[in-house]
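Okay, my_file-v3.tsv now, which holds TSV, C-alpha atoms:
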chain	number	residue	atom	x	y	z
C	12	MET	CA	68.23	66.61	103.51
C	13	ASN	CA	68.25	66.41	99.73
C	14	ASP	CA	71.15	67.40	97.52
C	15	ASP	CA	69.77	70.85	96.66
C	16	VAL	CA	69.34	71.84	100.29
C	17	ARG	CA	72.77	70.47	101.16
C	18	ASN	CA	74.37	72.45	98.33
C	19	ILE	CA	72.65	75.64	99.49
C	20	VAL	CA	73.81	75.11	103.07
C	21	LEU	CA	77.36	74.37	101.96
C	22	GLY	CA	77.32	77.46	99.75
C	23	VAL	CA	76.17	79.65	102.64
C	24	VAL	CA	78.82	78.17	104.93
C	25	ALA	CA	81.53	78.63	102.31
C	26	ALA	CA	80.46	82.24	101.74
C	27	GLY	CA	80.53	82.86	105.49
C	28	VAL	CA	83.98	81.33	105.87
C	29	SER	CA	85.30	83.34	102.91
C	30	ALA	CA	83.85	86.56	104.32
C	31	ALA	CA	85.38	85.84	107.74
C	32	LEU	CA	88.78	85.05	106.25
C	33	GLY	CA	88.61	88.20	104.12
C	34	TRP	CA	87.75	90.31	107.17
C	35	LEU	CA	90.57	88.75	109.17
C	36	ALA	CA	93.04	89.36	106.33
C	37	ARG	CA	91.97	93.00	105.95
C	38	THR	CA	92.15	93.51	109.71
C	39	TYR	CA	95.63	91.98	109.84
C	40	LEU	CA	96.88	94.16	106.99
C	41	TRP	CA	95.30	97.27	108.51
C	42	ARG	CA	96.90	96.57	111.88
C	43	ARG	CA	100.29	95.87	110.34
C	44	ARG	CA	100.10	99.11	108.36
C	45	LEU	CA	99.10	100.99	111.52
C	46	ARG	CA	101.98	99.49	113.53
C	47	ARG	CA	104.47	100.48	110.84
C	48	LYS	CA	103.09	104.02	110.82
C	49	GLN	CA	103.22	104.18	114.62
C	50	ALA	CA	106.82	102.91	114.62
C	51	PHE	CA	107.89	105.50	112.03
C	52	PHE	CA	106.35	108.37	113.94
C	53	GLY	CA	107.25	107.00	117.38
C	54	LEU	CA	103.59	107.09	118.37
C	55	PRO	CA	102.23	103.87	119.91
C	56	ASP	CA	98.63	103.78	121.10
C	57	HIS	CA	97.78	106.64	123.49
C	58	ALA	CA	101.27	108.14	123.24
C	59	GLU	CA	101.79	111.83	123.96
C	60	SER	CA	103.55	114.10	121.47
C	61	LEU	CA	104.56	117.74	121.20
C	62	LEU	CA	103.60	120.20	118.49
C	63	VAL	CA	106.09	123.06	118.86
C	64	VAL	CA	104.53	126.17	117.35
C	65	ASN	CA	106.52	129.03	115.87
C	66	ARG	CA	105.39	132.64	115.61
C	67	ASN	CA	104.87	135.02	112.74
C	68	ALA	CA	108.39	136.34	112.19
C	69	GLY	CA	107.02	139.67	111.01
C	70	GLY	CA	104.17	140.06	113.47
C	71	PRO	CA	103.27	140.05	117.16
C	72	GLU	CA	104.87	137.45	119.41
C	73	LEU	CA	101.65	135.41	119.74
C	74	SER	CA	100.58	135.43	116.08
C	75	VAL	CA	100.91	132.39	113.78
C	76	MET	CA	100.84	132.49	109.99
C	77	ARG	CA	97.83	130.99	108.22
C	78	HIS	CA	99.89	128.35	106.39
C	79	ASP	CA	101.55	127.35	109.66
C	80	VAL	CA	98.09	126.77	111.15
C	81	PHE	CA	97.25	124.53	108.17
C	82	ALA	CA	100.51	122.66	108.73
C	83	LEU	CA	99.63	122.05	112.38
C	84	LEU	CA	96.21	120.71	111.35
C	85	GLU	CA	97.84	118.23	108.97
C	86	LEU	CA	100.21	117.07	111.68
C	87	SER	CA	97.33	116.74	114.13
C	88	ALA	CA	95.53	114.45	111.68
C	89	LEU	CA	98.64	112.24	111.39
C	90	ILE	CA	98.91	112.01	115.16
C	91	LYS	CA	95.22	111.14	115.51
C	92	ASP	CA	95.56	108.41	112.85
C	93	CYS	CA	98.23	106.82	115.07
C	94	HIS	CA	95.76	106.79	118.00
C	95	ALA	CA	98.02	109.21	119.86
C	96	HIS	CA	97.61	112.66	121.44
C	97	ALA	CA	99.25	116.03	120.84
C	98	GLN	CA	100.11	118.90	123.14
C	99	VAL	CA	100.65	122.28	121.49
C	100	VAL	CA	103.59	124.19	122.97
C	101	ALA	CA	104.91	127.64	122.07
C	102	HIS	CA	108.44	127.61	120.70
C	103	ASP	CA	109.80	129.58	123.67
C	104	ALA	CA	108.03	127.42	126.26
C	105	ALA	CA	109.35	123.99	125.20
C	106	ARG	CA	112.21	123.88	127.68
C	107	GLN	CA	112.96	120.17	127.76
C	108	GLY	CA	115.11	117.58	126.08
C	109	PHE	CA	113.88	115.19	123.46
C	110	GLY	CA	113.59	111.46	123.11
C	111	GLU	CA	110.86	110.90	125.68
C	112	ARG	CA	108.02	112.11	123.44
C	113	THR	CA	107.77	112.50	119.69
C	114	GLU	CA	108.19	116.14	118.75
C	115	PHE	CA	107.04	118.00	115.64
C	116	CYS	CA	108.86	121.34	115.39
C	117	LEU	CA	107.64	123.89	112.85
C	118	GLY	CA	109.25	127.03	111.45
C	119	GLY	CA	112.63	128.58	110.73
C	120	PRO	CA	115.19	129.56	113.38
C	121	ALA	CA	114.16	133.23	113.32
C	122	SER	CA	110.57	132.46	114.32
C	123	ASN	CA	111.19	129.35	116.42
C	124	ARG	CA	113.83	129.30	119.16
C	125	ARG	CA	113.41	125.57	119.57
C	126	MET	CA	114.22	125.08	115.88
C	127	ALA	CA	117.31	127.26	116.25
C	128	ALA	CA	118.47	125.03	119.12
C	129	HIS	CA	117.81	121.85	117.13
C	130	LEU	CA	119.72	123.14	114.12
C	131	SER	CA	122.68	124.08	116.29
C	132	SER	CA	122.87	120.78	118.17
C	133	LEU	CA	121.47	118.22	115.72
C	134	LEU	CA	122.22	119.70	112.28
C	135	PRO	CA	125.50	121.58	112.69
C	136	GLY	CA	126.15	121.41	108.95
C	137	VAL	CA	123.19	123.65	108.14
C	138	ARG	CA	123.38	127.43	108.13
C	139	VAL	CA	120.36	129.69	107.75
C	140	ASN	CA	121.06	133.35	107.06
C	141	THR	CA	118.78	135.27	109.43
C	142	GLU	CA	120.56	138.57	108.80
C	143	ALA	CA	119.50	141.36	106.45
C	144	ALA	CA	118.90	141.09	102.69
C	145	PRO	CA	119.83	140.32	99.96
C	146	ASP	CA	120.40	136.69	101.04
C	147	ARG	CA	118.14	136.58	104.07
C	148	TRP	CA	116.67	133.10	104.81
C	149	ALA	CA	119.11	131.42	102.39
C	150	PHE	CA	120.21	127.89	103.37
C	151	ARG	CA	123.86	126.88	103.14
C	152	ILE	CA	124.50	123.14	103.11
C	153	ASP	CA	127.63	121.28	102.02
C	154	GLY	CA	129.08	124.39	100.40
C	155	SER	CA	125.97	125.20	98.34
C	156	ASP	CA	123.57	128.10	98.83
C	157	TYR	CA	119.80	127.84	98.43
C	158	PRO	CA	118.36	131.37	98.31
C	159	LEU	CA	114.74	132.36	98.75
C	160	HIS	CA	112.85	133.69	95.74
C	161	GLY	CA	109.46	134.35	97.26
C	162	GLY	CA	106.56	132.87	95.31
C	163	ARG	CA	108.89	131.25	92.74
C	164	SER	CA	111.28	128.92	94.57
C	165	GLU	CA	111.40	128.35	98.30
C	166	TYR	CA	113.28	125.69	100.23
C	167	ALA	CA	112.50	123.63	103.30
C	168	LEU	CA	114.23	120.98	105.35
C	169	LEU	CA	112.27	117.92	106.39
C	170	ALA	CA	114.10	115.86	109.00
C	171	ARG	CA	113.48	112.87	111.23
C	172	LEU	CA	116.10	112.65	113.98
C	173	THR	CA	116.57	110.48	117.05
C	174	ALA	CA	118.62	110.95	120.19
C	175	GLY	CA	121.59	108.63	119.99
C	176	GLU	CA	120.98	105.00	119.14
C	177	ARG	CA	118.39	104.14	121.79
C	178	ARG	CA	115.67	102.03	120.17
C	179	GLU	CA	113.04	103.38	122.56
C	180	ALA	CA	113.93	107.02	121.90
C	181	ARG	CA	111.14	109.03	120.30
C	182	PRO	CA	112.03	111.00	117.15
C	183	VAL	CA	111.90	114.71	116.54
C	184	PHE	CA	110.54	115.86	113.18
C	185	LEU	CA	111.75	119.22	111.87
C	186	PHE	CA	109.91	121.30	109.29
C	187	CYS	CA	112.26	124.20	108.68
C	188	GLY	CA	111.07	126.31	105.77
C	189	GLN	CA	112.12	129.68	104.42
C	190	THR	CA	108.44	130.75	104.46
C	191	ALA	CA	105.18	129.62	106.02
C	192	VAL	CA	104.17	128.08	102.69
C	193	SER	CA	107.33	125.98	102.62
C	194	ASN	CA	106.72	124.93	106.24
C	195	GLN	CA	103.33	123.58	105.18
C	196	ALA	CA	104.84	122.01	102.06
C	197	ALA	CA	107.24	120.02	104.26
C	198	THR	CA	104.44	118.75	106.50
C	199	ARG	CA	102.32	117.85	103.49
C	200	HIS	CA	105.23	115.99	101.92
C	201	LEU	CA	105.59	113.95	105.10
C	202	ALA	CA	101.85	113.26	105.24
C	203	ARG	CA	101.76	112.10	101.62
C	204	HIS	CA	104.97	110.10	101.52
C	205	HIS	CA	105.51	108.74	105.04
C	206	GLU	CA	105.04	105.14	103.87
C	207	ARG	CA	107.74	105.49	101.22
C	208	LEU	CA	110.01	107.26	103.70
C	209	ALA	CA	109.47	104.46	106.21
C	210	ARG	CA	110.39	101.86	103.59
C	211	THR	CA	113.53	103.81	102.69
C	212	TYR	CA	114.79	104.87	106.13
C	213	GLY	CA	112.92	102.61	108.56
C	214	THR	CA	113.09	104.24	111.98
C	215	GLY	CA	116.44	105.88	111.26
C	216	SER	CA	117.36	109.52	110.81
C	217	PHE	CA	117.15	111.47	107.58
C	218	VAL	CA	117.32	115.08	106.39
C	219	LEU	CA	115.72	116.00	103.07
C	220	LEU	CA	116.05	119.28	101.21
C	221	LEU	CA	112.80	120.17	99.44
C	222	LYS	CA	112.04	122.88	96.88
C	223	VAL	CA	108.59	124.45	96.66
C	224	VAL	CA	107.93	125.47	93.07
C	225	ASN	CA	105.82	128.53	92.17
C	226	SER	CA	103.94	128.72	95.45
C	227	GLU	CA	102.30	131.91	94.21
C	228	ALA	CA	100.25	129.77	91.83
C	229	TYR	CA	100.29	126.31	93.42
C	230	GLY	CA	100.65	126.97	97.13
C	231	PRO	CA	102.38	124.13	99.02
C	232	ASP	CA	101.37	121.38	96.59
C	233	VAL	CA	104.22	121.30	94.04
C	234	VAL	CA	107.34	120.07	95.81
C	235	GLU	CA	110.56	118.68	94.42
C	236	LEU	CA	113.06	116.59	96.35
C	237	VAL	CA	116.39	118.35	95.83
C	238	ALA	CA	118.61	115.96	97.75
C	239	ASP	CA	119.08	113.74	100.77
C	240	VAL	CA	121.48	115.90	102.79
C	241	THR	CA	121.59	113.76	105.91
C	242	ARG	CA	125.33	113.28	106.04
C	243	ALA	CA	126.22	116.90	105.20
C	244	ALA	CA	123.62	118.37	107.55
C	245	ARG	CA	124.82	116.27	110.50
C	246	THR	CA	128.52	116.90	109.91
C	247	PRO	CA	129.86	119.97	111.76
C	248	LEU	CA	131.26	122.69	109.56
C	249	PRO	CA	135.04	123.09	109.77
C	250	GLU	CA	136.29	125.75	112.12
C	251	PRO	CA	137.76	128.79	110.37
C	252	ALA	CA	141.55	128.75	110.20
C	253	ALA	CA	143.32	130.72	112.89
C	254	GLY	CA	144.12	134.27	111.84
C	255	THR	CA	141.51	134.43	109.05
C	256	GLY	CA	139.01	137.24	109.07

For this file, write the structure as structure tokens.
Amino acid sequence: MNDDVRNIVLGVVAAGVSAALGWLARTYLWRRRLRRKQAFFGLPDHAESLLVVNRNAGGPELSVMRHDVFALLELSALIKDCHAHAQVVAHDAARQGFGERTEFCLGGPASNRRMAAHLSSLLPGVRVNTEAAPDRWAFRIDGSDYPLHGGRSEYALLARLTAGERREARPVFLFCGQTAVSNQAATRHLARHHERLARTYGTGSFVLLLKVVNSEAYGPDVVELVADVTRAARTPLPEPAAGTG
């Protein structure tokens, strides 16, 4: 074997080794990224999860708003990317605890009984006005009010919560918006920023207050982070003083 042939063979071998090492490195990074995503969502391979569906608050019991359907599709894509499975459950049929399976709960307390239960038990510092106008659907958190101005400014809570401190407990994700558009905005924010959220919070709990800006023109795409309200949302409101009206 002369020098030219030997150089060609060595070049081919070196190229093959480099390609194999590159493939192994990309595969390792892809798997590590997948495992981090699965850990954040509580969705290991072939895990089962719940998509708790709300109803159209102004329509028939079985109807779902168009933007809520879009939100469910985005969540379904996230679940599929984790190599997991989803079961769609109506809000008034999900009669079980949480922690065994990851849960994605969509809609405000007026259209989703499951959400109302979660707010009461997991986020006692949040109040949502479900009564008549003028402040209907307004959020009250830590002494501040966040009213709904349809099409101009709408608010949503995006939360990741776990049951107690059990490491194996699966999280529940809440997407509690004042409107269907803000529900979808919360799911889209999670889909776009889950890696940053995982770096910030790991597998811990968080509650974020989001503001959807000018949804009449931009739909669910323009979202501002108002504040991390985790501590305030999870702290029970003080009981009214005895004898006050």

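Near His204 of chain C, within 12 Å and counting all atoms listed in the file, sit Lys48, Phe51, Leu89, Leu169, Ala196, Ala197, Thr198, Arg199, His200, Leu208, Ala209, Arg210, Thr211, Val234 and Leu236 of chain C, not including residues fewer than 4 positions from it in the same chain.
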
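Our summary of the geometry notes that atom CA of Val64 of chain C is positioned 19.5 Å from atom CA of Leu134 of chain C.
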
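Minimum atom-to-atom distances from C:Val192, C:Leu219, C:Leu83, C:Val233 to Ala97 of chain C were compared using only C-alpha atoms, and the lowest value belongs to C:Leu83.
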
If you take only C-alpha atoms and a cut-off of 12 Å, which residues of segment 42-82 of chain C touch segment 183-188 of chain C, and what are their nearest atom pairs and distances in Å to one decimal, in chain and number order, as a tab-separated table?
residue	atom	partner	partner_atom	distance
C:Phe51	CA	C:Phe184	CA	10.8
C:Phe52	CA	C:Phe184	CA	8.6
C:Gly53	CA	C:Val183	CA	9.0
C:Leu54	CA	C:Val183	CA	11.4
C:Ser60	CA	C:Val183	CA	9.7
C:Leu61	CA	C:Val183	CA	9.2
C:Leu62	CA	C:Phe184	CA	9.8
C:Val63	CA	C:Leu185	CA	9.8
C:Val64	CA	C:Phe186	CA	10.8
C:Asn65	CA	C:Cys187	CA	10.4
C:His78	CA	C:Gly188	CA	11.4
C:Asp79	CA	C:Phe186	CA	10.3
C:Ala82	CA	C:Phe186	CA	9.5

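Using all atoms listed in the file for every distance, the candidate list C:Asn123, C:Thr214, C:Gln195, C:Ser226 yields C:Gln195 as the residue closest to Val80 of chain C.
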
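For the pair atom CA of Val240 of chain C and atom CA of Val218 of chain C, the separation is 5.6 Å.
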
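Note that the spacing between atom CA of Gly161 of chain C and atom CA of Ala144 of chain C amounts to 12.8 Å.
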
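For Ser216 of chain C, the residues within 8 Å (counting all atoms listed in the file, excluding itself and residues fewer than 2 positions away along the chain) are Ala170, Arg171, Leu172, Thr173, Tyr212, Thr214, Val218 and Thr241 of chain C.
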